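Contents: one structure, followed by commentary.
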6 protein chains.
Amino acid sequence: MPFINVKITDEDVTNEQKKAIIKGCTQLMVDVLNKTPSTTFVVIDEVNTDNWGIGFDQVTELRKKTMTSITE
Amino acid sequence: MPFINVKITDEDVTNEQKKAIIKGCTQLMVDVLNKTPSTTFVVIDEVNTDNWGIGFDQVTELRKKTMTSITE
Amino acid sequence: MPFINVKITDEDVTNEQKKAIIKGCTQLMVDVLNKTPSTTFVVIDEVNTDNWGIGFDQVTELRKKTMTSITE
Amino acid sequence: MPFINVKITDEDVTNEQKKAIIKGCTQLMVDVLNKTPSTTFVVIDEVNTDNWGIGFDQVTELRKKTMTSITE
Amino acid sequence: MPFINVKITDEDVTNEQKKAIIKGCTQLMVDVLNKTPSTTFVVIDEVNTDNWGIGFDQVTELRKKTMTSITE
Amino acid sequence: MPFINVKITDEDVTNEQKKAIIKGCTQLMVDVLNKTPSTTFVVIDEVNTDNWGIGFDQVTELRKKTMTSITE
């Protein structure tokens, strides 16, 4: 009966990627803990980059800095 | 001071249903634990069916399978 | 497939009370949203009163104030 | 490595306010627990007022009552 | 920067199993979303079986029923 | 009505530190969003270092590596 909550930023996550996350997390519970897939839940939260902070900064700002450094 | 987080899929949940969930959860805290309603919070998260997995599959896919089996 | 997380303080919650919370939350999902009980999860988190704050104060402190006012 | 999740209602929170929440929470972890900012995450969830209940009522309803009492 | 919260019941989860869950979830984020491991967090919550309900019942009770049916 | 959940590792967090976290988070909600303290909740989760992973490793292991590098 595991419940797995995956929080990621909402940066163009495709449906195929969501399916892969769901399959991978469920398989991990089966492989490691011998859990039953039918009662294993995976919930993905896509968080706006304005709403996620790391090291004092919004991810939105961190992405801009990274892109600037790449183009320069 | 209970905090209750209800995660459900975002499948046309009506405002009346949301009110009923809030009232029901709060009443349960009063009845079972004698908690004060004014400091009982209920937060409902509506999750896209693409983002909720059960038994390796997205709920979106599970809904399609169920509808197919009904119409057949 | 609802997932309900009930956070309460760890103040002598009995096993009977836990059962009542589980039953009540599950029944609410059945009554209001027509959900299937077998895929409805309820998880109760019992939080130490030192670790829960309301209005600047730990619940531990709030409980002491309340008890003092009662005995006085 | 703290992870701080701030749940608030989605009532016109500005980008400047989000930045201030991220900075304030991160600074608090540095000041109080001597944590490293680069591994301190802050995630803000903005919850629709229909989906947040206090004392049996949706926040949406509570806001209407408050506005009525002010104008009266 | 993913944050993954794995909630499981506290039924003799070994340290090796915890390591495998952490490695597996982190690898999944790298493989599927190309995320950076150093900012991928995995937090495992071990929940007492009295505090986890499925289909109206505590997992504690469900385990007893299963064991009875096996021995009979 | 903010709800703030602070997840940190359980490495000898003192009661004074918990009080400071509760006060700081609540004050931040007042200062930035003009929220009412009496309906601002702060819940601190102390997570065992075996149960928290960063970059494939348990924090328990990361702490050992750091201590070794310091003493060497």
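Labels for the structure tokens follow display order: chains A, B, ..., residues from 1 in each chain, ligands from 1.
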
Please report as a PDB file with all heavy atoms, in the first residue's frame which residues of chain B come no farther than 6 Å from chain A, using only C-alpha atoms.
```
ATOM      1  N   ASN B  51      -1.712  12.412 -13.744  1.00  0.00           N
ATOM      2  CA  ASN B  51      -0.678  12.509 -12.703  1.00  0.00           C
ATOM      3  C   ASN B  51      -0.882  11.536 -11.541  1.00  0.00           C
ATOM      4  O   ASN B  51      -0.146  11.571 -10.570  1.00  0.00           O
ATOM      5  CB  ASN B  51      -0.627  13.947 -12.160  1.00  0.00           C
ATOM      6  CG  ASN B  51      -0.077  14.933 -13.167  1.00  0.00           C
ATOM      7  OD1 ASN B  51      -0.055  14.660 -14.362  1.00  0.00           O
ATOM      8  ND2 ASN B  51       0.412  16.075 -12.696  1.00  0.00           N
ATOM      9  N   TRP B  52      -1.916  10.703 -11.635  1.00  0.00           N
ATOM     10  CA  TRP B  52      -2.190   9.738 -10.570  1.00  0.00           C
ATOM     11  C   TRP B  52      -2.050   8.329 -11.129  1.00  0.00           C
ATOM     12  O   TRP B  52      -2.718   7.985 -12.113  1.00  0.00           O
ATOM     13  CB  TRP B  52      -3.610   9.951 -10.007  1.00  0.00           C
ATOM     14  CG  TRP B  52      -3.855   9.279  -8.686  1.00  0.00           C
ATOM     15  CD1 TRP B  52      -3.647   7.967  -8.369  1.00  0.00           C
ATOM     16  CD2 TRP B  52      -4.338   9.898  -7.486  1.00  0.00           C
ATOM     17  NE1 TRP B  52      -3.966   7.736  -7.056  1.00  0.00           N
ATOM     18  CE2 TRP B  52      -4.405   8.901  -6.492  1.00  0.00           C
ATOM     19  CE3 TRP B  52      -4.733  11.194  -7.161  1.00  0.00           C
ATOM     20  CZ2 TRP B  52      -4.853   9.171  -5.187  1.00  0.00           C
ATOM     21  CZ3 TRP B  52      -5.175  11.458  -5.866  1.00  0.00           C
ATOM     22  CH2 TRP B  52      -5.233  10.451  -4.896  1.00  0.00           C
ATOM     23  N   GLY B  53      -1.188   7.540 -10.527  1.00  0.00           N
ATOM     24  CA  GLY B  53      -0.983   6.176 -10.981  1.00  0.00           C
ATOM     25  C   GLY B  53      -1.435   5.150  -9.962  1.00  0.00           C
ATOM     26  O   GLY B  53      -1.258   5.351  -8.749  1.00  0.00           O
ATOM     27  N   ILE B  54      -2.028   4.073 -10.433  1.00  0.00           N
ATOM     28  CA  ILE B  54      -2.368   2.910  -9.590  1.00  0.00           C
ATOM     29  C   ILE B  54      -1.964   1.660 -10.356  1.00  0.00           C
ATOM     30  O   ILE B  54      -2.374   1.485 -11.516  1.00  0.00           O
ATOM     31  CB  ILE B  54      -3.886   2.825  -9.300  1.00  0.00           C
ATOM     32  CG1 ILE B  54      -4.393   4.116  -8.657  1.00  0.00           C
ATOM     33  CG2 ILE B  54      -4.184   1.638  -8.398  1.00  0.00           C
ATOM     34  CD1 ILE B  54      -5.883   4.049  -8.330  1.00  0.00           C
ATOM     35  N   GLY B  55      -1.186   0.805  -9.718  1.00  0.00           N
ATOM     36  CA  GLY B  55      -0.843  -0.478 -10.347  1.00  0.00           C
ATOM     37  C   GLY B  55      -0.191  -0.307 -11.706  1.00  0.00           C
ATOM     38  O   GLY B  55      -0.627  -0.970 -12.659  1.00  0.00           O
ATOM     39  N   PHE B  56       0.794   0.561 -11.808  1.00  0.00           N
ATOM     40  CA  PHE B  56       1.586   0.827 -13.028  1.00  0.00           C
ATOM     41  C   PHE B  56       0.906   1.778 -14.033  1.00  0.00           C
ATOM     42  O   PHE B  56       1.572   2.298 -14.919  1.00  0.00           O
ATOM     43  CB  PHE B  56       1.943  -0.469 -13.789  1.00  0.00           C
ATOM     44  CG  PHE B  56       2.831  -1.403 -13.028  1.00  0.00           C
ATOM     45  CD1 PHE B  56       2.386  -2.645 -12.600  1.00  0.00           C
ATOM     46  CD2 PHE B  56       4.152  -1.037 -12.736  1.00  0.00           C
ATOM     47  CE1 PHE B  56       3.211  -3.519 -11.905  1.00  0.00           C
ATOM     48  CE2 PHE B  56       4.987  -1.909 -12.047  1.00  0.00           C
ATOM     49  CZ  PHE B  56       4.514  -3.146 -11.630  1.00  0.00           C
TER      50      PHE B  56
END
```

Requested in this report: Please run DSSP on the backbone and report, as a ChimeraX atom specification, all residues within chain B that come out as alpha helix (DSSP H).
Outcome: /B:15-33,59-71

Requested in this report: Mind the document's chain letters and residue numbers, and return as a PyMOL selection string the residues of chain A that DSSP labels strand (DSSP E).
Outcome: chain A and resi 3-9+41-47+52-54+57-58

Just all heavy atoms for this one: save the residues we selected as a compact mmCIF listing (two decimals), in the first residue's frame.
```txt
# COMPACT_ATOMS: atom_id res chain seq x y z
N PHE A 3 2.34 4.88 -0.84
CA PHE A 3 1.87 6.11 -1.47
C PHE A 3 3.11 6.95 -1.75
O PHE A 3 3.84 7.31 -0.82
CB PHE A 3 0.91 6.86 -0.55
CG PHE A 3 0.42 8.15 -1.17
CD1 PHE A 3 -0.65 8.14 -2.04
CD2 PHE A 3 1.05 9.35 -0.89
CE1 PHE A 3 -1.10 9.33 -2.62
CE2 PHE A 3 0.61 10.54 -1.46
CZ PHE A 3 -0.48 10.53 -2.34
N ILE A 4 3.34 7.23 -3.02
CA ILE A 4 4.54 7.97 -3.41
C ILE A 4 4.14 9.28 -4.05
O ILE A 4 3.35 9.30 -4.99
CB ILE A 4 5.39 7.14 -4.41
CG1 ILE A 4 5.78 5.81 -3.75
CG2 ILE A 4 6.62 7.90 -4.85
CD1 ILE A 4 6.49 4.86 -4.66
N ASN A 5 4.63 10.37 -3.49
CA ASN A 5 4.34 11.70 -4.02
C ASN A 5 5.62 12.28 -4.62
O ASN A 5 6.62 12.46 -3.91
CB ASN A 5 3.81 12.60 -2.89
CG ASN A 5 3.49 14.01 -3.36
OD1 ASN A 5 3.80 14.97 -2.68
ND2 ASN A 5 2.88 14.15 -4.51
N VAL A 6 5.56 12.53 -5.93
CA VAL A 6 6.72 13.06 -6.65
C VAL A 6 6.46 14.53 -6.96
O VAL A 6 5.53 14.85 -7.73
CB VAL A 6 6.94 12.28 -7.96
CG1 VAL A 6 8.12 12.86 -8.75
CG2 VAL A 6 7.17 10.80 -7.67
N LYS A 7 7.22 15.43 -6.35
CA LYS A 7 7.09 16.85 -6.64
C LYS A 7 8.21 17.27 -7.58
O LYS A 7 9.39 17.08 -7.26
CB LYS A 7 7.18 17.68 -5.34
CG LYS A 7 5.97 17.54 -4.43
CD LYS A 7 6.07 18.47 -3.23
CE LYS A 7 5.06 18.12 -2.16
NZ LYS A 7 3.66 18.34 -2.56
N ILE A 8 7.81 17.81 -8.73
CA ILE A 8 8.78 18.29 -9.72
C ILE A 8 8.31 19.65 -10.25
O ILE A 8 7.16 20.03 -10.06
CB ILE A 8 8.93 17.30 -10.91
CG1 ILE A 8 7.54 16.90 -11.46
CG2 ILE A 8 9.71 16.06 -10.47
CD1 ILE A 8 7.59 15.95 -12.64
N THR A 9 9.20 20.37 -10.91
CA THR A 9 8.78 21.63 -11.51
C THR A 9 8.01 21.36 -12.82
O THR A 9 8.23 20.34 -13.46
CB THR A 9 10.02 22.52 -11.80
OG1 THR A 9 11.03 21.70 -12.39
CG2 THR A 9 10.54 23.14 -10.52
N PHE A 41 0.08 3.63 -5.01
CA PHE A 41 -0.34 4.89 -5.64
C PHE A 41 0.88 5.77 -5.89
O PHE A 41 1.77 5.85 -5.04
CB PHE A 41 -1.28 5.69 -4.74
CG PHE A 41 -2.63 5.09 -4.49
CD1 PHE A 41 -3.02 3.88 -5.03
CD2 PHE A 41 -3.54 5.77 -3.67
CE1 PHE A 41 -4.28 3.35 -4.78
CE2 PHE A 41 -4.79 5.25 -3.42
CZ PHE A 41 -5.17 4.04 -3.97
N VAL A 42 0.90 6.42 -7.05
CA VAL A 42 1.92 7.43 -7.33
C VAL A 42 1.19 8.71 -7.73
O VAL A 42 0.34 8.68 -8.63
CB VAL A 42 2.86 7.00 -8.47
CG1 VAL A 42 3.91 8.08 -8.75
CG2 VAL A 42 3.54 5.66 -8.16
N VAL A 43 1.49 9.81 -7.04
CA VAL A 43 0.88 11.10 -7.39
C VAL A 43 1.98 12.09 -7.72
O VAL A 43 2.90 12.31 -6.92
CB VAL A 43 0.00 11.63 -6.24
CG1 VAL A 43 -0.41 13.08 -6.51
CG2 VAL A 43 -1.24 10.77 -6.07
N ILE A 44 1.90 12.67 -8.92
CA ILE A 44 2.90 13.63 -9.38
C ILE A 44 2.34 15.05 -9.23
O ILE A 44 1.27 15.36 -9.73
CB ILE A 44 3.24 13.37 -10.88
CG1 ILE A 44 3.78 11.95 -11.07
CG2 ILE A 44 4.25 14.41 -11.38
CD1 ILE A 44 3.84 11.50 -12.53
N ASP A 45 3.07 15.90 -8.50
CA ASP A 45 2.71 17.32 -8.40
C ASP A 45 3.66 18.12 -9.27
O ASP A 45 4.88 18.08 -9.06
CB ASP A 45 2.85 17.83 -6.95
CG ASP A 45 1.84 17.25 -6.00
OD1 ASP A 45 0.81 16.75 -6.47
OD2 ASP A 45 2.09 17.30 -4.78
N GLU A 46 3.11 18.85 -10.23
CA GLU A 46 3.92 19.74 -11.06
C GLU A 46 3.83 21.15 -10.47
O GLU A 46 2.75 21.74 -10.43
CB GLU A 46 3.42 19.72 -12.50
CG GLU A 46 3.61 18.36 -13.18
CD GLU A 46 2.97 18.30 -14.55
OE1 GLU A 46 1.77 17.98 -14.61
OE2 GLU A 46 3.67 18.56 -15.54
N VAL A 47 4.95 21.67 -10.02
CA VAL A 47 4.97 22.95 -9.29
C VAL A 47 5.53 24.04 -10.20
O VAL A 47 6.58 23.86 -10.82
CB VAL A 47 5.85 22.81 -8.03
CG1 VAL A 47 5.93 24.13 -7.27
CG2 VAL A 47 5.33 21.70 -7.12
N TRP A 52 8.83 27.45 -6.48
CA TRP A 52 9.84 26.54 -5.93
C TRP A 52 11.14 27.33 -5.71
O TRP A 52 11.66 27.94 -6.65
CB TRP A 52 10.10 25.39 -6.92
CG TRP A 52 10.83 24.22 -6.31
CD1 TRP A 52 12.01 24.26 -5.62
CD2 TRP A 52 10.43 22.84 -6.31
NE1 TRP A 52 12.36 22.99 -5.20
CE2 TRP A 52 11.40 22.11 -5.62
CE3 TRP A 52 9.32 22.16 -6.84
CZ2 TRP A 52 11.32 20.72 -5.44
CZ3 TRP A 52 9.24 20.78 -6.66
CH2 TRP A 52 10.23 20.07 -5.97
N GLY A 53 11.61 27.31 -4.50
CA GLY A 53 12.84 28.01 -4.18
C GLY A 53 13.96 27.08 -3.78
O GLY A 53 13.73 26.06 -3.12
N ILE A 54 15.16 27.41 -4.21
CA ILE A 54 16.39 26.71 -3.78
C ILE A 54 17.44 27.77 -3.47
O ILE A 54 17.72 28.64 -4.31
CB ILE A 54 16.96 25.79 -4.88
CG1 ILE A 54 15.91 24.78 -5.35
CG2 ILE A 54 18.19 25.05 -4.37
CD1 ILE A 54 16.44 23.83 -6.42
N ASP A 57 16.59 31.52 -3.97
CA ASP A 57 16.06 31.98 -5.27
C ASP A 57 14.93 31.11 -5.80
O ASP A 57 14.90 29.91 -5.58
CB ASP A 57 17.20 31.98 -6.31
CG ASP A 57 18.24 33.03 -6.00
OD1 ASP A 57 17.85 34.15 -5.66
OD2 ASP A 57 19.45 32.70 -6.11
N GLN A 58 14.03 31.75 -6.55
CA GLN A 58 13.03 30.99 -7.31
C GLN A 58 13.73 30.20 -8.41
O GLN A 58 14.71 30.69 -8.99
CB GLN A 58 12.03 31.95 -7.98
CG GLN A 58 11.05 32.60 -7.03
CD GLN A 58 10.21 33.65 -7.73
OE1 GLN A 58 10.74 34.43 -8.50
NE2 GLN A 58 8.92 33.68 -7.46
```

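Picture a line from CA of Leu28 in chain D to CA of Asp31 in chain F; it runs 14.0 Å.
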
**Report entry** Atomic distance CA of Lys64 in chain A - CA of Thr49 in chain A, expressed in Å with one decimal
**Finding:** 11.2 Å

Query raised in the report: When you draw a straight line from CA of Gln17 in chain D to CA of Leu33 in chain D, how long is it in Å?
Result: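 Computing it gives 23.7 Å between the two atoms.
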